[in-house]
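Engineer: upload.cif is the file, holding mmCIF, C-alpha atoms (C1' of nucleotides):
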data_final
#
loop_
_atom_site.label_atom_id
_atom_site.label_comp_id
_atom_site.auth_asym_id
_atom_site.auth_seq_id
_atom_site.Cartn_x
_atom_site.Cartn_y
_atom_site.Cartn_z
CA MET A 1 78.20 103.44 136.14
CA PRO A 2 81.60 102.21 135.29
CA GLU A 3 81.97 99.32 132.94
CA LEU A 4 84.58 99.24 130.18
CA PRO A 5 83.03 102.09 128.11
CA ASP A 6 82.87 104.47 131.05
CA VAL A 7 86.48 103.81 131.96
CA ALA A 8 87.44 104.29 128.31
CA GLY A 9 85.82 107.72 128.58
CA PHE A 10 87.77 108.53 131.73
CA ARG A 11 90.94 107.51 129.94
CA SER A 12 90.18 109.88 127.07
CA LEU A 13 89.48 112.69 129.50
CA LEU A 14 92.78 112.14 131.23
CA ALA A 15 94.66 111.83 127.95
CA ALA A 16 93.14 115.02 126.56
CA HIS A 17 93.66 117.24 129.58
CA ALA A 18 96.35 115.89 131.84
CA THR A 19 98.97 114.33 129.58
CA GLY A 20 102.21 116.27 129.97
CA GLN A 21 100.99 118.15 133.03
CA LEU A 22 103.04 118.27 136.18
CA ILE A 23 101.37 117.08 139.38
CA GLU A 24 101.86 120.00 141.75
CA ARG A 25 99.95 118.50 144.63
CA VAL A 26 97.61 115.66 145.56
CA ASP A 27 94.74 116.48 147.91
CA VAL A 28 93.19 113.54 149.71
CA ALA A 29 89.72 114.52 150.87
CA ASP A 30 88.86 110.96 151.92
CA ALA A 31 91.58 108.39 152.48
CA GLY A 32 88.87 105.71 152.46
CA VAL A 33 89.50 105.16 148.74
CA LEU A 34 93.23 104.56 149.09
CA ARG A 35 94.23 100.91 148.82
CA GLY A 36 97.50 99.78 150.28
CA ILE A 37 98.93 103.29 150.60
CA THR A 38 98.59 106.22 152.95
CA ALA A 39 97.67 109.73 151.87
CA ARG A 40 101.20 110.81 152.69
CA GLN A 41 102.75 108.09 150.53
CA LEU A 42 100.49 108.99 147.60
CA GLN A 43 101.30 112.67 147.91
CA ASP A 44 105.02 112.22 148.35
CA SER A 45 105.47 109.77 145.51
CA LEU A 46 103.45 111.77 142.97
CA ARG A 47 104.40 115.37 143.66
CA GLY A 48 106.55 116.57 140.78
CA SER A 49 105.65 113.72 138.45
CA ARG A 50 104.31 114.35 134.98
CA PHE A 51 101.29 112.58 133.49
CA GLU A 52 102.06 110.38 130.51
CA ARG A 53 99.82 108.52 128.10
CA PRO A 54 97.20 106.63 130.15
CA GLU A 55 96.04 103.11 129.44
CA ARG A 56 93.08 100.93 130.34
CA HIS A 57 92.64 97.24 130.93
CA GLY A 58 89.11 96.04 131.57
CA LYS A 59 87.65 98.36 134.16
CA TRP A 60 91.05 99.55 135.40
CA LEU A 61 92.50 102.90 134.41
CA ILE A 62 96.29 103.07 134.41
CA ALA A 63 97.33 106.69 134.80
CA ARG A 64 101.01 106.61 133.95
CA THR A 65 103.44 109.29 134.98
CA ASP A 66 107.21 109.61 134.63
CA GLY A 67 107.18 108.38 138.22
CA PRO A 68 104.75 105.77 139.59
CA ALA A 69 101.56 104.71 137.80
CA ILE A 70 98.23 105.50 139.45
CA LEU A 71 95.83 102.55 139.21
CA LEU A 72 92.16 103.53 139.50
CA HIS A 73 89.07 101.37 139.77
CA PHE A 74 85.68 103.03 139.86
CA GLY A 75 83.45 100.47 141.52
CA MET A 76 79.78 101.12 140.84
CA THR A 77 79.63 104.86 141.31
CA GLY A 78 83.07 106.29 140.62
CA SER A 79 84.04 108.77 137.93
CA LEU A 80 86.92 110.95 136.84
CA GLN A 81 86.46 114.70 136.44
CA TRP A 82 88.63 117.39 134.89
CA LEU A 83 87.90 120.81 136.35
CA ASP A 84 89.41 124.28 136.42
CA SER A 85 91.64 124.94 139.37
CA GLY A 86 89.66 125.80 142.45
CA ALA A 87 86.28 124.68 141.15
CA PRO A 88 83.97 124.00 144.09
CA LEU A 89 84.54 120.68 145.76
CA ASP A 90 81.87 118.05 145.24
CA ARG A 91 80.79 116.10 148.27
CA TYR A 92 82.14 112.93 146.69
CA ASP A 93 85.48 114.24 145.40
CA ARG A 94 87.80 111.89 147.25
CA VAL A 95 91.22 112.56 145.70
CA ILE A 96 92.32 115.60 143.68
CA PHE A 97 95.41 115.67 141.45
CA VAL A 98 96.34 119.32 141.07
CA THR A 99 98.20 120.63 138.00
CA SER A 100 98.72 124.20 136.82
CA ALA A 101 96.24 123.59 133.98
CA GLY A 102 93.42 122.19 136.10
CA GLU A 103 92.48 119.42 138.46
CA LEU A 104 91.82 115.76 137.92
CA ARG A 105 89.35 114.46 140.48
CA TYR A 106 88.48 110.93 141.51
CA ARG A 107 84.82 111.22 142.49
CA ASP A 108 82.91 108.34 144.08
CA MET A 109 79.83 108.13 146.23
CA ARG A 110 80.07 104.58 147.49
CA LYS A 111 83.70 103.72 148.08
CA LEU A 112 83.58 100.17 146.86
CA GLN A 113 86.88 100.33 145.02
CA GLY A 114 89.65 102.90 144.92
CA ILE A 115 93.14 104.01 144.02
CA THR A 116 96.51 102.36 144.39
CA LEU A 117 100.04 103.06 143.21
CA ALA A 118 102.47 100.95 141.22
CA HIS A 119 106.11 102.01 141.36
CA ASP A 120 107.17 99.76 138.50
CA ARG A 121 105.84 97.30 135.95
CA ARG A 122 106.20 94.45 138.36
CA GLU A 123 103.90 96.10 140.91
CA GLU A 124 101.50 97.06 138.16
CA ASP A 125 101.36 93.51 136.88
CA GLY A 126 100.73 92.37 140.43
CA VAL A 127 97.58 94.47 140.71
CA LEU A 128 96.29 93.52 137.28
CA ALA A 129 97.34 89.89 137.56
CA GLY A 130 94.52 87.47 137.02
CA LEU A 131 92.57 89.70 134.66
CA GLY A 132 91.63 88.08 131.39
CA PRO A 133 92.20 89.72 128.02
CA ASP A 134 90.51 93.10 127.57
CA ALA A 135 87.05 92.77 126.05
CA LEU A 136 87.86 95.35 123.37
CA GLY A 137 91.11 93.76 122.31
CA VAL A 138 90.21 90.10 122.52
CA THR A 139 90.27 88.17 119.24
CA ALA A 140 87.60 85.69 118.20
CA GLY A 141 90.05 82.88 118.89
CA GLN A 142 90.88 84.13 122.37
CA PHE A 143 87.18 84.59 123.06
CA ASP A 144 86.50 80.98 122.16
CA ASP A 145 89.42 79.80 124.28
CA ALA A 146 88.19 81.86 127.22
CA LEU A 147 84.77 80.21 127.15
CA GLN A 148 86.30 76.78 126.65
CA GLY A 149 85.24 74.24 129.22
CA ARG A 150 83.23 76.67 131.34
CA ARG A 151 80.12 74.99 132.63
CA GLY A 152 78.80 78.04 134.47
CA ALA A 153 76.08 80.33 133.12
CA ILE A 154 77.26 82.26 130.08
CA LYS A 155 76.28 85.53 131.72
CA ALA A 156 78.39 84.85 134.81
CA THR A 157 81.23 83.78 132.54
CA LEU A 158 81.09 87.03 130.56
CA MET A 159 81.13 89.05 133.78
CA ASN A 160 84.06 87.12 135.25
CA GLN A 161 87.02 89.50 134.99
CA LYS A 162 89.48 86.65 135.14
CA ILE A 163 88.05 85.26 131.93
CA ILE A 164 87.43 88.49 130.00
CA ALA A 165 88.07 91.94 131.47
CA GLY A 166 85.64 94.83 131.10
CA LEU A 167 82.10 93.48 130.90
CA GLY A 168 79.64 94.26 133.71
CA ASN A 169 76.01 93.56 134.41
CA LEU A 170 74.48 95.91 131.83
CA LEU A 171 76.85 94.97 129.03
CA ALA A 172 76.46 91.24 129.62
CA ASP A 173 72.66 91.47 129.44
CA GLU A 174 72.78 93.74 126.40
CA ILE A 175 75.16 91.48 124.48
CA LEU A 176 73.25 88.27 125.26
CA TRP A 177 69.97 89.89 124.30
CA ARG A 178 71.37 90.94 120.95
CA ALA A 179 72.86 87.53 120.33
CA CYS A 180 69.56 85.85 121.31
CA ILE A 181 71.23 83.62 123.87
CA ASN A 182 69.67 82.76 127.22
CA PRO A 183 71.86 84.04 130.04
CA ARG A 184 71.56 80.79 132.00
CA ARG A 185 72.95 78.62 129.22
CA PRO A 186 76.17 76.94 130.29
CA ALA A 187 79.01 78.63 128.42
CA SER A 188 80.20 75.25 127.20
CA SER A 189 76.82 74.54 125.60
CA LEU A 190 77.19 77.31 123.03
CA THR A 191 77.77 76.17 119.45
CA ALA A 192 80.57 77.64 117.37
CA PRO A 193 78.12 79.85 115.42
CA GLU A 194 76.59 81.04 118.69
CA ARG A 195 80.00 81.97 120.07
CA ARG A 196 80.75 83.77 116.85
CA GLU A 197 77.51 85.72 117.08
CA LEU A 198 78.13 86.54 120.72
CA TYR A 199 81.61 87.81 119.88
CA GLY A 200 80.28 89.97 117.07
CA GLN A 201 77.55 91.47 119.22
CA MET A 202 80.04 92.12 121.99
CA ARG A 203 82.14 94.15 119.59
CA ARG A 204 79.16 96.10 118.29
CA VAL A 205 77.85 96.92 121.75
CA LEU A 206 81.31 97.90 122.95
CA ARG A 207 82.00 100.11 119.93
CA ALA A 208 78.74 102.00 120.33
CA SER A 209 79.12 102.25 124.09
CA VAL A 210 82.69 103.49 124.02
CA ARG A 211 81.61 106.14 121.56
CA ALA A 212 78.89 107.21 124.00
CA GLY A 213 81.17 106.94 127.04
CA CYS A 214 78.68 104.64 128.76
CA VAL A 215 76.22 101.85 127.98
CA PRO A 216 73.58 104.14 126.50
CA SER A 217 70.02 103.72 127.77
CA ARG A 218 68.55 104.17 124.33
CA PRO A 219 64.95 102.94 123.93
CA SER A 220 66.09 100.52 121.23
CA TRP A 221 68.56 98.90 123.64
CA LEU A 222 67.81 96.47 126.43
CA THR A 223 69.62 98.89 128.71
CA GLY A 224 67.00 101.51 127.86
CA ALA A 225 64.13 99.09 128.29
CA ARG A 226 65.24 97.88 131.70
CA GLN A 227 64.61 101.30 133.17
CA GLN A 228 60.91 101.19 132.38
CA ARG A 229 58.45 100.35 135.13
CA HIS A 230 57.20 97.31 133.24
CA PRO A 231 60.10 96.51 130.92
CA THR A 232 59.26 95.14 127.48
CA CYS A 233 61.54 93.89 124.73
CA PRO A 234 62.40 96.71 122.31
CA ARG A 235 62.23 94.24 119.42
CA CYS A 236 59.06 92.26 120.06
CA HIS A 237 57.43 94.00 123.04
CA ALA A 238 57.20 90.82 125.07
CA THR A 239 57.36 91.41 128.79
CA LEU A 240 60.97 90.92 129.80
CA CYS A 241 61.93 88.24 132.29
CA ARG A 242 63.85 89.12 135.40
CA GLY A 243 66.07 86.85 137.44
CA ARG A 244 69.29 86.65 139.37
CA ILE A 245 72.47 85.29 137.80
CA GLY A 246 75.97 85.67 139.16
CA GLY A 247 74.47 87.63 141.99
CA ARG A 248 73.12 90.34 139.69
CA THR A 249 69.69 91.26 138.45
CA THR A 250 69.38 89.88 134.95
CA MET A 251 66.86 90.77 132.25
CA TRP A 252 66.15 88.86 129.09
CA CYS A 253 63.45 88.43 126.47
CA PRO A 254 61.56 85.12 126.72
CA ARG A 255 60.82 85.21 122.99
CA HIS A 256 64.31 85.89 121.66
CA GLN A 257 66.31 84.18 124.35
CA GLY A 258 64.13 81.33 125.44
CA ARG A 259 62.42 80.42 128.68
"C1'" DT B 260 60.99 100.95 156.42
"C1'" DC B 261 62.71 98.04 152.85
"C1'" DA B 262 64.48 96.53 148.56
"C1'" DG B 263 67.56 97.59 145.03
"C1'" DT B 264 71.94 99.50 142.79
"C1'" DT B 265 76.39 99.69 136.32
"C1'" DG B 266 81.70 95.99 141.24
"C1'" DT B 267 84.72 92.95 143.67
"C1'" DT B 268 86.26 89.86 147.39
"C1'" DT B 269 85.65 86.43 150.79
"C1'" DA B 270 83.49 82.65 153.11
"C1'" DT B 271 80.77 78.73 152.61
"C1'" DA B 272 78.56 75.06 150.37
"C1'" DT B 273 77.96 72.00 146.50
"C1'" DA C 274 88.96 72.50 140.45
"C1'" DA C 275 84.68 74.75 139.24
"C1'" DT C 276 80.62 76.61 140.43
"C1'" DA C 277 76.90 78.95 143.10
"C1'" DT C 278 75.26 81.84 146.72
"C1'" DA C 279 75.32 85.26 150.29
"C1'" DA C 280 77.39 88.75 152.71
"C1'" DA C 281 80.21 92.68 153.16
"C1'" DC C 282 81.96 97.06 151.69
"C1'" DA C 283 79.23 102.42 151.47
"C1'" DA C 284 75.76 105.59 150.37
"C1'" DC C 285 72.25 106.61 148.38
"C1'" DT C 286 67.18 106.25 145.69
"C1'" DG C 287 62.27 105.11 145.17
#
Can you turn what I pasted into structure tokens?

Structural biologist:
Amino acid sequence: MPELPDVAGFRSLLAAHATGQLIERVDVADAGVLRGITARQLQDSLRGSRFERPERHGKWLIARTDGPAILLHFGMTGSLQWLDSGAPLDRYDRVIFVTSAGELRYRDMRKLQGITLAHDRREEDGVLAGLGPDALGVTAGQFDDALQGRRGAIKATLMNQKIIAGLGNLLADEILWRACINPRRPASSLTAPERRELYGQMRRVLRASVRAGCVPSRPSWLTGARQQRHPTCPRCHATLCRGRIGGRTTMWCPRHQGR
DNA sequence: TCAGTTGTTTATAT
DNA sequence: AATATAAACAACTG
């Protein structure tokens, strides 16, 4: 699931329930999601710390405490749960942060990404180094600059976290479909008005998705249409094209987006 | 049984 | 230097 909107939802969950709470204990049910730290190190460095206001950059959640920051990435199937203390353990609950008010759980079926710790800003910057500006905060000018000189397919460019952070496969397809731009177009071939349109649609899609906490599979969205057995364009009902760009299955409308 | 999956990294080739 | 592709990671689902 997790693209920027999902992680924004996890951030809100954490902010609403855990901010100010003391971490009494960290249970590691599966150390396979720990990156660069042992279960013991995670437990020892977090016990007794208090959650502070969390942040997000792209698809990363930065769970700050008055001690180290917990950096979480959710891969394709991760999520964050807030549950009452002692709620039954899910098969995919990998790490549990226990407070007196409840438990924050990192849940993930496939363990493609995971959790790491940053003891100071320098370590935090090290993990997040190389990420482009956050897709929700980027200005039109920064957006233009980011696409500048990129000859690769616009879809791959949008998904490249080093260029802009937060967009994944579903969002990239949704945004390009709305902007009526073919996903294989070289980024550098877009005209100024096209870039402007793309930027505007990105903001609209992100706003609506963050509100929903995910990229909603509404029938009027490409994301809804792509789940059908024989996907058709929600706007013109043309049969959608399917291809592979940037290693990911890509869908687009041949009428609105060409070819 | 086989292909496919909302993410990222690495190796390899162009 | 950029770009493209495939594979690997892990664990399912249809």

Engineer: Can you list, as a PyMOL selection string, every protein, DNA or RNA residue that comes within 8 Å of A:Tyr106 when you count only C-alpha atoms (C1' of nucleotides), leaving out same-chain residues fewer than 4 positions away?

Structural biologist: chain A and resi 78-81+93-96

Engineer: I'd like the residues picked by the PyMOL selection byres ((chain A) within 8 of (chain B)) written out as a VMD selection string, using the chain letters and numbers from the file.

Structural biologist: chain A and resid 1 to 3 75 to 77 112 to 113 168 to 170

Engineer: Could you write out as a short mmCIF file (atom, residue, chain, number, x, y, z; two decimals) with C-alpha atoms, in the frame of the given file the residues of chain A within 10 Å of chain C, counting all atoms listed in the file?

Structural biologist:
data_model
loop_
_atom_site.label_atom_id
_atom_site.label_comp_id
_atom_site.auth_asym_id
_atom_site.auth_seq_id
_atom_site.Cartn_x
_atom_site.Cartn_y
_atom_site.Cartn_z
CA THR A 77 79.63 104.86 141.31
CA ASP A 108 82.91 108.34 144.08
CA MET A 109 79.83 108.13 146.23
CA ARG A 110 80.07 104.58 147.49
CA LYS A 111 83.70 103.72 148.08
CA LEU A 112 83.58 100.17 146.86
CA GLN A 113 86.88 100.33 145.02
CA ARG A 150 83.23 76.67 131.34
CA ARG A 151 80.12 74.99 132.63
CA GLY A 152 78.80 78.04 134.47
CA ALA A 153 76.08 80.33 133.12
CA ILE A 245 72.47 85.29 137.80
CA GLY A 246 75.97 85.67 139.16
CA GLY A 247 74.47 87.63 141.99
#

Engineer: Find the residues near A:Arg207: any atom within 12 Å, counting all atoms listed in the file, skip ones fewer than 6 places away on the same chain, and give them as a PyMOL selection string.

Structural biologist: chain A and resi 4-6+8+135-137+171+175+200-201+213-216

Engineer: Could you tell me which residues the PyMOL selection byres ((chain A and resi 60) around 8) returns for this structure, as a PyMOL selection string?

Structural biologist: chain A and resi 7+56-59+61-62+71-74
